[in-house]
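Student: final.cif is reproduced in full below (mmCIF, C-alpha atoms).
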data_final
loop_
_atom_site.group_PDB
_atom_site.id
_atom_site.type_symbol
_atom_site.label_atom_id
_atom_site.label_comp_id
_atom_site.auth_asym_id
_atom_site.auth_seq_id
_atom_site.Cartn_x
_atom_site.Cartn_y
_atom_site.Cartn_z
ATOM 1 C CA MET F 6 24.245 29.782 -11.454
ATOM 2 C CA PRO F 7 20.868 28.006 -11.679
ATOM 3 C CA ILE F 8 20.112 25.572 -8.868
ATOM 4 C CA GLN F 9 20.338 21.913 -9.863
ATOM 5 C CA ARG F 10 16.971 20.545 -8.811
ATOM 6 C CA ARG F 11 16.867 16.980 -7.553
ATOM 7 C CA ASP F 12 14.375 14.243 -6.814
ATOM 8 C CA ILE F 13 13.978 14.046 -3.066
ATOM 9 C CA ASP F 14 11.203 12.266 -1.172
ATOM 10 C CA GLY F 15 9.845 12.917 2.285
ATOM 11 C CA ILE F 16 8.006 15.296 4.602
ATOM 12 C CA ILE F 17 9.404 18.222 6.576
ATOM 13 C CA LEU F 18 7.365 19.565 9.504
ATOM 14 C CA LEU F 19 7.977 23.280 9.249
ATOM 15 C CA ASP F 20 7.296 25.658 12.115
ATOM 16 C CA LYS F 21 5.933 28.361 9.819
ATOM 17 C CA PRO F 22 6.910 31.854 10.935
ATOM 18 C CA ARG F 23 4.468 34.711 11.215
ATOM 19 C CA GLY F 24 4.321 37.013 8.210
ATOM 20 C CA LEU F 25 4.798 34.403 5.472
ATOM 21 C CA SER F 26 2.059 32.727 3.487
ATOM 22 C CA SER F 27 2.143 28.943 3.267
ATOM 23 C CA ASN F 28 3.192 29.150 -0.374
ATOM 24 C CA GLN F 29 6.035 31.540 0.464
ATOM 25 C CA ALA F 30 7.242 29.234 3.234
ATOM 26 C CA LEU F 31 7.057 26.231 0.905
ATOM 27 C CA GLY F 32 9.026 28.093 -1.757
ATOM 28 C CA ARG F 33 11.809 28.932 0.688
ATOM 29 C CA VAL F 34 12.209 25.343 1.880
ATOM 30 C CA LYS F 35 11.925 23.917 -1.627
ATOM 31 C CA TYR F 36 14.752 26.251 -2.671
ATOM 32 C CA LEU F 37 16.932 25.275 0.304
ATOM 33 C CA LEU F 38 16.351 21.570 -0.336
ATOM 34 C CA ALA F 39 16.830 22.009 -4.098
ATOM 35 C CA ALA F 40 13.755 19.826 -4.541
ATOM 36 C CA ARG F 41 12.149 19.322 -7.933
ATOM 37 C CA LYS F 42 8.623 18.678 -6.663
ATOM 38 C CA ALA F 43 6.937 20.006 -3.530
ATOM 39 C CA GLY F 44 3.583 20.880 -2.018
ATOM 40 C CA HIS F 45 2.051 21.876 1.314
ATOM 41 C CA THR F 46 -0.937 20.298 2.991
ATOM 42 C CA GLY F 47 -3.287 23.056 4.078
ATOM 43 C CA SER F 48 -2.773 26.790 4.200
ATOM 44 C CA LEU F 49 -1.941 28.795 7.276
ATOM 45 C CA ASP F 50 -2.683 32.529 7.222
ATOM 46 C CA PRO F 51 0.349 34.846 7.275
ATOM 47 C CA LEU F 52 -0.730 35.774 10.824
ATOM 48 C CA ALA F 53 -0.534 32.128 11.905
ATOM 49 C CA THR F 54 2.521 30.167 12.983
ATOM 50 C CA GLY F 55 3.203 26.533 13.650
ATOM 51 C CA LEU F 56 2.902 23.121 12.080
ATOM 52 C CA LEU F 57 2.937 23.092 8.280
ATOM 53 C CA PRO F 58 3.778 19.692 6.768
ATOM 54 C CA LEU F 59 5.696 20.143 3.505
ATOM 55 C CA CYS F 60 5.726 17.183 1.110
ATOM 56 C CA PHE F 61 8.510 16.541 -1.384
ATOM 57 C CA GLY F 62 8.759 14.195 -4.344
ATOM 58 C CA GLN F 63 6.607 11.097 -4.069
ATOM 59 C CA ALA F 64 5.480 12.152 -0.594
ATOM 60 C CA THR F 65 3.204 14.682 -2.325
ATOM 61 C CA LYS F 66 0.986 11.665 -3.022
ATOM 62 C CA VAL F 67 -0.154 11.629 0.624
ATOM 63 C CA SER F 68 -1.096 15.314 0.610
ATOM 64 C CA ALA F 69 -4.773 14.528 -0.049
ATOM 65 C CA TRP F 70 -4.979 12.528 3.187
ATOM 66 C CA LEU F 71 -3.223 15.278 5.115
ATOM 67 C CA LEU F 72 -5.609 17.867 3.696
ATOM 68 C CA ASP F 73 -8.494 15.786 5.054
ATOM 69 C CA ALA F 74 -6.905 15.303 8.469
ATOM 70 C CA ASP F 75 -8.002 16.902 11.746
ATOM 71 C CA LYS F 76 -6.047 19.897 13.031
ATOM 72 C CA ARG F 77 -5.172 21.323 16.449
ATOM 73 C CA TYR F 78 -4.706 25.010 17.175
ATOM 74 C CA ARG F 79 -3.810 27.290 20.048
ATOM 75 C CA ALA F 80 -5.130 30.835 19.710
ATOM 76 C CA VAL F 81 -5.342 34.043 21.678
ATOM 77 C CA ALA F 82 -8.672 35.824 21.260
ATOM 78 C CA ARG F 83 -8.892 39.564 21.863
ATOM 79 C CA LEU F 84 -12.266 40.308 23.418
ATOM 80 C CA GLY F 85 -14.283 43.477 22.889
ATOM 81 C CA VAL F 86 -13.455 44.053 19.227
ATOM 82 C CA GLU F 87 -14.700 43.001 15.808
ATOM 83 C CA THR F 88 -12.478 43.515 12.784
ATOM 84 C CA SER F 89 -12.822 43.378 9.012
ATOM 85 C CA THR F 90 -10.754 40.178 8.780
ATOM 86 C CA GLY F 91 -11.585 38.393 12.030
ATOM 87 C CA ASP F 92 -8.055 38.973 13.329
ATOM 88 C CA MET F 93 -6.130 41.917 14.735
ATOM 89 C CA GLU F 94 -4.449 42.632 11.406
ATOM 90 C CA GLY F 95 -7.770 43.894 10.046
ATOM 91 C CA GLU F 96 -9.529 47.197 10.562
ATOM 92 C CA ILE F 97 -11.426 47.496 13.840
ATOM 93 C CA GLN F 98 -15.104 47.915 13.002
ATOM 94 C CA ASN F 99 -16.741 47.642 16.427
ATOM 95 C CA GLU F 100 -15.594 47.942 20.010
ATOM 96 C CA ARG F 101 -17.625 46.872 23.025
ATOM 97 C CA PRO F 102 -16.974 46.608 26.741
ATOM 98 C CA VAL F 103 -15.994 43.158 27.941
ATOM 99 C CA PRO F 104 -18.480 41.867 30.517
ATOM 100 C CA VAL F 105 -17.428 40.149 33.706
ATOM 101 C CA LEU F 106 -17.408 36.488 32.717
ATOM 102 C CA THR F 107 -16.966 33.427 34.880
ATOM 103 C CA ALA F 108 -15.116 30.287 33.836
ATOM 104 C CA ALA F 109 -18.464 28.459 33.813
ATOM 105 C CA GLU F 110 -19.979 31.018 31.430
ATOM 106 C CA ILE F 111 -17.017 30.737 29.064
ATOM 107 C CA ASP F 112 -17.197 26.951 29.098
ATOM 108 C CA ALA F 113 -20.943 27.071 28.459
ATOM 109 C CA ALA F 114 -20.318 29.304 25.441
ATOM 110 C CA CYS F 115 -17.666 26.891 24.153
ATOM 111 C CA ALA F 116 -20.006 23.936 24.646
ATOM 112 C CA GLY F 117 -22.388 25.423 22.095
ATOM 113 C CA PHE F 118 -19.754 25.003 19.400
ATOM 114 C CA ARG F 119 -18.594 21.489 20.220
ATOM 115 C CA GLY F 120 -19.674 18.772 17.841
ATOM 116 C CA GLU F 121 -20.860 19.249 14.281
ATOM 117 C CA ILE F 122 -21.677 22.866 13.482
ATOM 118 C CA GLN F 123 -22.204 25.033 10.426
ATOM 119 C CA GLN F 124 -19.717 27.752 9.536
ATOM 120 C CA VAL F 125 -19.934 30.485 6.943
ATOM 121 C CA PRO F 126 -16.421 30.858 5.465
ATOM 122 C CA PRO F 127 -14.939 34.345 5.895
ATOM 123 C CA MET F 128 -14.496 36.702 2.972
ATOM 124 C CA HIS F 129 -10.802 36.850 3.796
ATOM 125 C CA SER F 130 -10.139 33.243 2.744
ATOM 126 C CA ALA F 131 -8.647 31.425 -0.237
ATOM 127 C CA LEU F 132 -11.955 29.923 -1.350
ATOM 128 C CA LYS F 133 -13.067 30.859 -4.849
ATOM 129 C CA HIS F 134 -16.232 32.555 -6.114
ATOM 130 C CA GLN F 135 -16.692 32.439 -9.882
ATOM 131 C CA GLY F 136 -12.970 31.841 -10.324
ATOM 132 C CA GLN F 137 -11.795 34.615 -7.992
ATOM 133 C CA ARG F 138 -10.328 34.210 -4.504
ATOM 134 C CA LEU F 139 -12.610 35.563 -1.807
ATOM 135 C CA TYR F 140 -9.785 37.557 -0.226
ATOM 136 C CA ALA F 141 -9.183 39.322 -3.566
ATOM 137 C CA LEU F 142 -12.837 40.329 -3.702
ATOM 138 C CA ALA F 143 -12.729 41.431 -0.050
ATOM 139 C CA ARG F 144 -9.783 43.718 -0.775
ATOM 140 C CA LYS F 145 -11.939 45.426 -3.407
ATOM 141 C CA GLY F 146 -14.712 45.922 -0.891
ATOM 142 C CA ILE F 147 -16.888 43.258 -2.520
ATOM 143 C CA GLU F 148 -18.794 40.816 -0.340
ATOM 144 C CA VAL F 149 -20.566 37.780 -1.814
ATOM 145 C CA GLU F 150 -22.852 35.180 -0.288
ATOM 146 C CA ARG F 151 -21.040 32.093 0.969
ATOM 147 C CA PRO F 152 -22.915 28.878 1.714
ATOM 148 C CA ALA F 153 -22.470 27.484 5.204
ATOM 149 C CA ARG F 154 -20.389 24.327 5.550
ATOM 150 C CA ASN F 155 -20.504 21.525 8.088
ATOM 151 C CA VAL F 156 -17.404 21.216 10.260
ATOM 152 C CA THR F 157 -16.745 19.317 13.471
ATOM 153 C CA ILE F 158 -15.260 20.812 16.626
ATOM 154 C CA HIS F 159 -13.948 17.853 18.614
ATOM 155 C CA GLU F 160 -12.590 19.980 21.468
ATOM 156 C CA LEU F 161 -12.909 23.660 22.337
ATOM 157 C CA ARG F 162 -11.637 25.138 25.567
ATOM 158 C CA ALA F 163 -10.985 28.736 26.595
ATOM 159 C CA VAL F 164 -9.551 30.373 29.714
ATOM 160 C CA PHE F 165 -8.732 33.964 30.556
ATOM 161 C CA GLU F 166 -5.165 35.027 29.815
ATOM 162 C CA ALA F 167 -5.883 38.709 30.598
ATOM 163 C CA PRO F 168 -9.072 40.726 31.282
ATOM 164 C CA ASP F 169 -9.632 41.150 27.545
ATOM 165 C CA ARG F 170 -7.943 38.005 26.214
ATOM 166 C CA LEU F 171 -8.819 34.329 26.082
ATOM 167 C CA ARG F 172 -6.427 31.478 25.445
ATOM 168 C CA VAL F 173 -8.279 29.048 23.214
ATOM 169 C CA GLU F 174 -7.458 25.399 22.403
ATOM 170 C CA VAL F 175 -9.199 23.822 19.396
ATOM 171 C CA HIS F 176 -9.246 20.322 17.889
ATOM 172 C CA CYS F 177 -11.272 20.433 14.691
ATOM 173 C CA SER F 178 -12.021 18.821 11.358
ATOM 174 C CA LYS F 179 -10.697 19.981 8.014
ATOM 175 C CA GLY F 180 -12.255 23.144 6.633
ATOM 176 C CA THR F 181 -12.669 24.839 10.020
ATOM 177 C CA TYR F 182 -11.875 28.559 10.096
ATOM 178 C CA ILE F 183 -10.526 29.508 13.510
ATOM 179 C CA ARG F 184 -11.122 33.211 12.879
ATOM 180 C CA THR F 185 -14.806 32.514 12.247
ATOM 181 C CA LEU F 186 -15.001 30.294 15.329
ATOM 182 C CA ILE F 187 -13.467 33.030 17.495
ATOM 183 C CA GLU F 188 -15.793 35.668 16.000
ATOM 184 C CA ASP F 189 -18.830 33.492 16.693
ATOM 185 C CA LEU F 190 -17.638 32.750 20.225
ATOM 186 C CA GLY F 191 -17.204 36.481 20.837
ATOM 187 C CA ARG F 192 -20.791 37.154 19.734
ATOM 188 C CA VAL F 193 -22.113 34.511 22.131
ATOM 189 C CA LEU F 194 -20.101 36.120 24.936
ATOM 190 C CA GLY F 195 -21.738 39.442 24.056
ATOM 191 C CA CYS F 196 -18.635 41.490 23.305
ATOM 192 C CA GLY F 197 -17.159 40.330 20.002
ATOM 193 C CA ALA F 198 -13.707 38.835 19.525
ATOM 194 C CA ALA F 199 -10.862 38.660 17.013
ATOM 195 C CA VAL F 200 -7.789 36.464 16.700
ATOM 196 C CA ALA F 201 -4.653 38.101 18.106
ATOM 197 C CA GLU F 202 -2.414 35.026 17.827
ATOM 198 C CA LEU F 203 -2.860 31.693 16.105
ATOM 199 C CA ARG F 204 -0.621 28.640 16.150
ATOM 200 C CA ARG F 205 -1.216 25.196 14.657
ATOM 201 C CA THR F 206 0.011 22.541 17.065
ATOM 202 C CA GLY F 207 -1.255 19.350 15.425
ATOM 203 C CA HIS F 208 -2.003 18.078 11.934
ATOM 204 C CA GLY F 209 -3.273 14.532 11.526
ATOM 205 C CA ALA F 210 -0.639 12.135 12.864
ATOM 206 C CA PHE F 211 1.886 14.952 13.381
ATOM 207 C CA ASP F 212 2.383 17.212 16.372
ATOM 208 C CA ALA F 213 4.609 20.138 17.215
ATOM 209 C CA ARG F 214 7.434 18.022 18.660
ATOM 210 C CA GLY F 215 8.839 17.234 15.211
ATOM 211 C CA MET F 216 8.910 20.764 13.853
ATOM 212 C CA VAL F 217 11.930 22.631 12.512
ATOM 213 C CA THR F 218 12.162 26.395 12.061
ATOM 214 C CA LEU F 219 13.028 28.162 8.844
ATOM 215 C CA GLU F 220 16.046 29.668 10.585
ATOM 216 C CA GLU F 221 17.350 26.188 11.449
ATOM 217 C CA LEU F 222 16.918 25.045 7.860
ATOM 218 C CA GLU F 223 18.668 28.136 6.505
ATOM 219 C CA ALA F 224 21.588 27.705 8.909
ATOM 220 C CA ALA F 225 21.959 24.025 7.984
ATOM 221 C CA SER F 226 21.836 24.858 4.270
ATOM 222 C CA ALA F 227 24.489 27.555 4.639
ATOM 223 C CA GLU F 228 26.782 25.113 6.393
ATOM 224 C CA GLY F 229 26.192 21.879 4.474
ATOM 225 C CA GLY F 230 24.095 22.609 1.397
ATOM 226 C CA PRO F 231 20.779 20.949 0.469
ATOM 227 C CA GLN F 232 21.891 17.535 1.760
ATOM 228 C CA ALA F 233 22.137 18.934 5.290
ATOM 229 C CA LEU F 234 18.356 19.377 5.371
ATOM 230 C CA GLU F 235 17.696 15.687 4.780
ATOM 231 C CA ARG F 236 18.038 14.943 8.504
ATOM 232 C CA TRP F 237 14.573 16.480 8.943
ATOM 233 C CA LEU F 238 12.907 14.476 6.176
ATOM 234 C CA LEU F 239 10.283 12.025 7.419
ATOM 235 C CA PRO F 240 9.116 9.070 5.310
ATOM 236 C CA ALA F 241 5.838 9.472 3.436
ATOM 237 C CA ASP F 242 4.097 6.746 5.440
ATOM 238 C CA SER F 243 4.593 8.739 8.651
ATOM 239 C CA ALA F 244 1.628 10.854 7.528
ATOM 240 C CA LEU F 245 -0.541 7.733 7.711
ATOM 241 C CA SER F 246 0.752 6.269 10.961
ATOM 242 C CA GLY F 247 -2.762 6.100 12.368
ATOM 243 C CA CYS F 248 -4.014 3.958 9.481
ATOM 244 C CA PRO F 249 -4.002 0.133 9.492
ATOM 245 C CA GLU F 250 -1.063 -1.518 7.749
ATOM 246 C CA VAL F 251 -1.149 -4.433 5.335
ATOM 247 C CA ARG F 252 1.903 -6.646 4.750
ATOM 248 C CA LEU F 253 1.951 -8.417 1.380
ATOM 249 C CA ASP F 254 3.754 -11.531 0.177
ATOM 250 C CA ALA F 255 5.975 -11.487 -2.893
ATOM 251 C CA ALA F 256 3.241 -12.467 -5.370
ATOM 252 C CA SER F 257 0.746 -9.906 -4.039
ATOM 253 C CA THR F 258 3.455 -7.257 -4.052
ATOM 254 C CA ARG F 259 4.109 -7.884 -7.721
ATOM 255 C CA PHE F 260 0.428 -7.718 -8.695
ATOM 256 C CA LEU F 261 -0.260 -4.638 -6.580
ATOM 257 C CA ARG F 262 2.661 -2.775 -8.142
ATOM 258 C CA GLN F 263 0.955 -3.367 -11.488
ATOM 259 C CA GLY F 264 -2.156 -1.654 -10.130
ATOM 260 C CA GLN F 265 -4.134 -4.855 -9.545
ATOM 261 C CA PRO F 266 -6.260 -5.537 -6.446
ATOM 262 C CA VAL F 267 -5.104 -8.497 -4.339
ATOM 263 C CA PHE F 268 -6.709 -10.757 -1.748
ATOM 264 C CA VAL F 269 -5.402 -10.328 1.796
ATOM 265 C CA ALA F 270 -6.677 -12.489 4.626
ATOM 266 C CA GLN F 271 -8.429 -10.999 7.671
ATOM 267 C CA ILE F 272 -8.584 -7.394 6.509
ATOM 268 C CA ARG F 273 -11.674 -5.609 7.840
ATOM 269 C CA ASP F 274 -10.788 -1.915 7.700
ATOM 270 C CA ARG F 275 -12.034 -0.145 4.591
ATOM 271 C CA GLY F 276 -9.119 2.239 4.424
ATOM 272 C CA PRO F 277 -7.024 4.126 3.890
ATOM 273 C CA LEU F 278 -4.563 1.265 4.345
ATOM 274 C CA ARG F 279 -0.776 1.463 4.447
ATOM 275 C CA LEU F 280 0.566 -1.123 2.019
ATOM 276 C CA TYR F 281 3.995 -2.722 2.494
ATOM 277 C CA GLY F 282 5.753 -5.127 0.154
ATOM 278 C CA SER F 283 7.401 -8.433 0.931
ATOM 279 C CA ASN F 284 10.722 -6.669 1.611
ATOM 280 C CA GLY F 285 9.133 -4.134 3.971
ATOM 281 C CA GLU F 286 9.087 -1.300 1.427
ATOM 282 C CA PHE F 287 6.193 1.156 1.659
ATOM 283 C CA LEU F 288 4.192 0.644 -1.521
ATOM 284 C CA GLY F 289 1.446 3.197 -1.084
ATOM 285 C CA VAL F 290 -2.147 3.657 0.031
ATOM 286 C CA GLY F 291 -4.956 1.196 -0.561
ATOM 287 C CA ALA F 292 -8.593 0.492 0.262
ATOM 288 C CA LEU F 293 -10.692 -2.608 0.848
ATOM 289 C CA LEU F 294 -13.135 -3.464 -1.948
ATOM 290 C CA ASP F 295 -16.560 -5.007 -1.390
ATOM 291 C CA ASP F 296 -15.294 -8.374 -2.618
ATOM 292 C CA GLY F 297 -12.558 -8.481 0.034
ATOM 293 C CA ARG F 298 -9.662 -7.541 -2.194
ATOM 294 C CA VAL F 299 -7.288 -4.679 -1.384
ATOM 295 C CA ALA F 300 -6.982 -2.169 -4.210
ATOM 296 C CA PRO F 301 -4.201 0.402 -4.625
ATOM 297 C CA ARG F 302 -5.224 4.053 -4.475
ATOM 298 C CA ARG F 303 -1.825 5.727 -4.682
ATOM 299 C CA LEU F 304 1.368 3.771 -5.320
ATOM 300 C CA PHE F 305 4.934 4.653 -4.390
ATOM 301 C CA VAL F 306 7.651 2.913 -6.346
ATOM 302 C CA ALA F 307 11.372 3.362 -5.786
ATOM 303 C CA GLY F 308 13.003 5.023 -8.760
ATOM 304 C CA GLY F 309 9.931 6.775 -10.077
ATOM 305 C CA PRO F 310 6.159 7.150 -9.941
ATOM 306 C CA ALA F 311 3.743 4.363 -10.621
ATOM 307 C CA GLY F 312 0.170 4.561 -11.721
ATOM 308 C CA ALA F 313 -2.723 4.029 -9.403
#
Starting from the file, lay out its structure as structure tokens.

Tutor:
Amino acid sequence: MPIQRRDIDGIILLDKPRGLSSNQALGRVKYLLAARKAGHTGSLDPLATGLLPLCFGQATKVSAWLLDADKRYRAVARLGVETSTGDMEGEIQNERPVPVLTAAEIDAACAGFRGEIQQVPPMHSALKHQGQRLYALARKGIEVERPARNVTIHELRAVFEAPDRLRVEVHCSKGTYIRTLIEDLGRVLGCGAAVAELRRTGHGAFDARGMVTLEELEAASAEGGPQALERWLLPADSALSGCPEVRLDAASTRFLRQGQPVFVAQIRDRGPLRLYGSNGEFLGVGALLDDGRVAPRRLFVAGGPAGA
């Protein structure tokens, strides 16, 4: 019997298991929740595990802000090897002895990557070249030139976990490829490196404490059906908890719901702004205009979508 899809709003923080793509993980949870509309907020490689925010219903409207958010990762880097994919699932192309390195030398190498840097995206990535995914070209043995991109490494720390392994902690901007960062760090250390393990531990306002595993979701679904998964749904505005909030009176609420900018006293932040109506309902995301009015950017309206 076909599943009866339903309108359901909210965000689930999935602890993505190793071996599944982000789209596969999203499809499994969307099926379990019987949701009509869903999307994820930034791909994790099949090798990677950890925090993958999944947005359902009107919560998909905050996905753009989550895509732009900073991320945190914990990785294990295997020293002394370079692979075709930048991780240990690829073919080993070079092997080198691992030099004796001190903690100070490792920290000095990390320091060279902190701040704004340029990264060349890896061939094994989902970026497109002339309409084709880079990873699809890489599987055919085709390599194309990729322009370097600016990314920001807010924090980068590494300590030895074993003679040939580093435990690496990264806090970075959107668009950062951890495999590329580990490869570049390995070159600076003089021995090469590849990702052996990768786990996302933070995504914007979210951290690992709120995650749920796929096994937990499947067990809850088997016992109580799609409704049993709703205990893990977070409200859409939780994705924007670090953004300033604006509380509107009844008249401003009415105008804003119609897509009109409104004057709000003593607002200085440009945005994004969390907008709440006179009854406390989350209305959506706004921004401050040059003339001091607050304009809606994405609106959330109970009972159905609203234009913005």

Student: Kindly provide the residues of region 178-246 of chain F that approach region 159-162 of chain F to within 12 Å, each paired with its closest atom pair and their distance in Å to one decimal, based on all atoms listed in the file, listed by chain and increasing number, as a Markdown table.

Tutor:
| residue | atom | partner | partner_atom | distance |
| --- | --- | --- | --- | --- |
| F:Ser178 | CA | F:His159 | CA | 7.6 |
| F:Lys179 | CA | F:His159 | CA | 11.3 |
| F:Thr181 | CA | F:His159 | CA | 11.1 |
| F:Ile183 | CA | F:Leu161 | CA | 10.9 |
| F:Leu186 | CA | F:Leu161 | CA | 9.9 |
| F:Ile187 | CA | F:Leu161 | CA | 10.6 |
| F:Leu190 | CA | F:Leu161 | CA | 10.5 |

Student: Leaving out Val67 (chain F) and any residue of its chain fewer than 2 positions from it, which residues lie within 9 Å of it when counting all atoms listed in the file, given as a list in words?

Tutor: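 Returned residues: Cys60, Gln63, Ala64, Thr65, Ala69, Trp70, Leu71, Leu72, Ala241, Asp242, Ala244, Leu245, Gly289, Val290 and Arg303 of chain F.
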
Student: Which residues match the PyMOL selection byres ((chain F and resi 200) around 10) in the file above, as a PyMOL selection string?

Tutor: chain F and resi 52-53+80-84+86-88+90-95+170-171+173+183-188+198-199+201-203

Student: I need the chosen residues saved as a PDB file, keeping the file's coordinate frame, with C-alpha atoms.

Tutor:
ATOM      1  CA  LEU F  52      -0.730  35.774  10.824  1.00  0.00           C
ATOM      2  CA  ALA F  53      -0.534  32.128  11.905  1.00  0.00           C
ATOM      3  CA  ALA F  80      -5.130  30.835  19.710  1.00  0.00           C
ATOM      4  CA  VAL F  81      -5.342  34.043  21.678  1.00  0.00           C
ATOM      5  CA  ALA F  82      -8.672  35.824  21.260  1.00  0.00           C
ATOM      6  CA  ARG F  83      -8.892  39.564  21.863  1.00  0.00           C
ATOM      7  CA  LEU F  84     -12.266  40.308  23.418  1.00  0.00           C
ATOM      8  CA  VAL F  86     -13.455  44.053  19.227  1.00  0.00           C
ATOM      9  CA  GLU F  87     -14.700  43.001  15.808  1.00  0.00           C
ATOM     10  CA  THR F  88     -12.478  43.515  12.784  1.00  0.00           C
ATOM     11  CA  THR F  90     -10.754  40.178   8.780  1.00  0.00           C
ATOM     12  CA  GLY F  91     -11.585  38.393  12.030  1.00  0.00           C
ATOM     13  CA  ASP F  92      -8.055  38.973  13.329  1.00  0.00           C
ATOM     14  CA  MET F  93      -6.130  41.917  14.735  1.00  0.00           C
ATOM     15  CA  GLU F  94      -4.449  42.632  11.406  1.00  0.00           C
ATOM     16  CA  GLY F  95      -7.770  43.894  10.046  1.00  0.00           C
ATOM     17  CA  ARG F 170      -7.943  38.005  26.214  1.00  0.00           C
ATOM     18  CA  LEU F 171      -8.819  34.329  26.082  1.00  0.00           C
ATOM     19  CA  VAL F 173      -8.279  29.048  23.214  1.00  0.00           C
ATOM     20  CA  ILE F 183     -10.526  29.508  13.510  1.00  0.00           C
ATOM     21  CA  ARG F 184     -11.122  33.211  12.879  1.00  0.00           C
ATOM     22  CA  THR F 185     -14.806  32.514  12.247  1.00  0.00           C
ATOM     23  CA  LEU F 186     -15.001  30.294  15.329  1.00  0.00           C
ATOM     24  CA  ILE F 187     -13.467  33.030  17.495  1.00  0.00           C
ATOM     25  CA  GLU F 188     -15.793  35.668  16.000  1.00  0.00           C
ATOM     26  CA  ALA F 198     -13.707  38.835  19.525  1.00  0.00           C
ATOM     27  CA  ALA F 199     -10.862  38.660  17.013  1.00  0.00           C
ATOM     28  CA  ALA F 201      -4.653  38.101  18.106  1.00  0.00           C
ATOM     29  CA  GLU F 202      -2.414  35.026  17.827  1.00  0.00           C
ATOM     30  CA  LEU F 203      -2.860  31.693  16.105  1.00  0.00           C
TER      31      LEU F 203
END

Student: Pick the closest to Phe61 (chain F) from F:Thr46, F:Ser246, F:Thr157, F:Gln123: which is it, counting all atoms listed in the file?

Tutor: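 Once distances to Phe61 (chain F) are computed over all atoms listed in the file, the minimum belongs to F:Thr46.
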
Student: Running the PyMOL selection byres ((chain F and resi 119) around 7) on this model by hand, what would come out? Give it as a list in words.

Tutor: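 Selected by the PyMOL selection byres ((chain F and resi 119) around 7) here: Cys115, Ala116, Gly117, Phe118, Gly120, Glu121, Ile158, His159, Glu160 and Leu161 of chain F.
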
Student: Using all atoms listed in the file, determine which residues lie at most 12 Å from Ala233 (chain F), disregarding the query and same-chain residues fewer than 6 positions distant; provide the list as a list in words.

Tutor: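 My list of contacting residues is Leu37, Leu38, Ala39, Glu221, Leu222, Glu223, Ala224, Ala225, Ser226 and Ala227 of chain F.
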
Student: Between CA of Arg302 (chain F) and CA of Asn155 (chain F), what is the distance, to one decimal in Å?

Tutor: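 Answer for the CA of Arg302 (chain F) to CA of Asn155 (chain F) separation: 26.4 Å.
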
Student: Axis-aligned box over every listed atom of region 74-83 of chain F, padded by 8 Å per side: centre and edges in Å to one decimal, as AutoDock Vina command-line options?

Tutor:
--center_x -6.4 --center_y 27.4 --center_z 15.2 --size_x 21.1 --size_y 40.3 --size_z 29.4
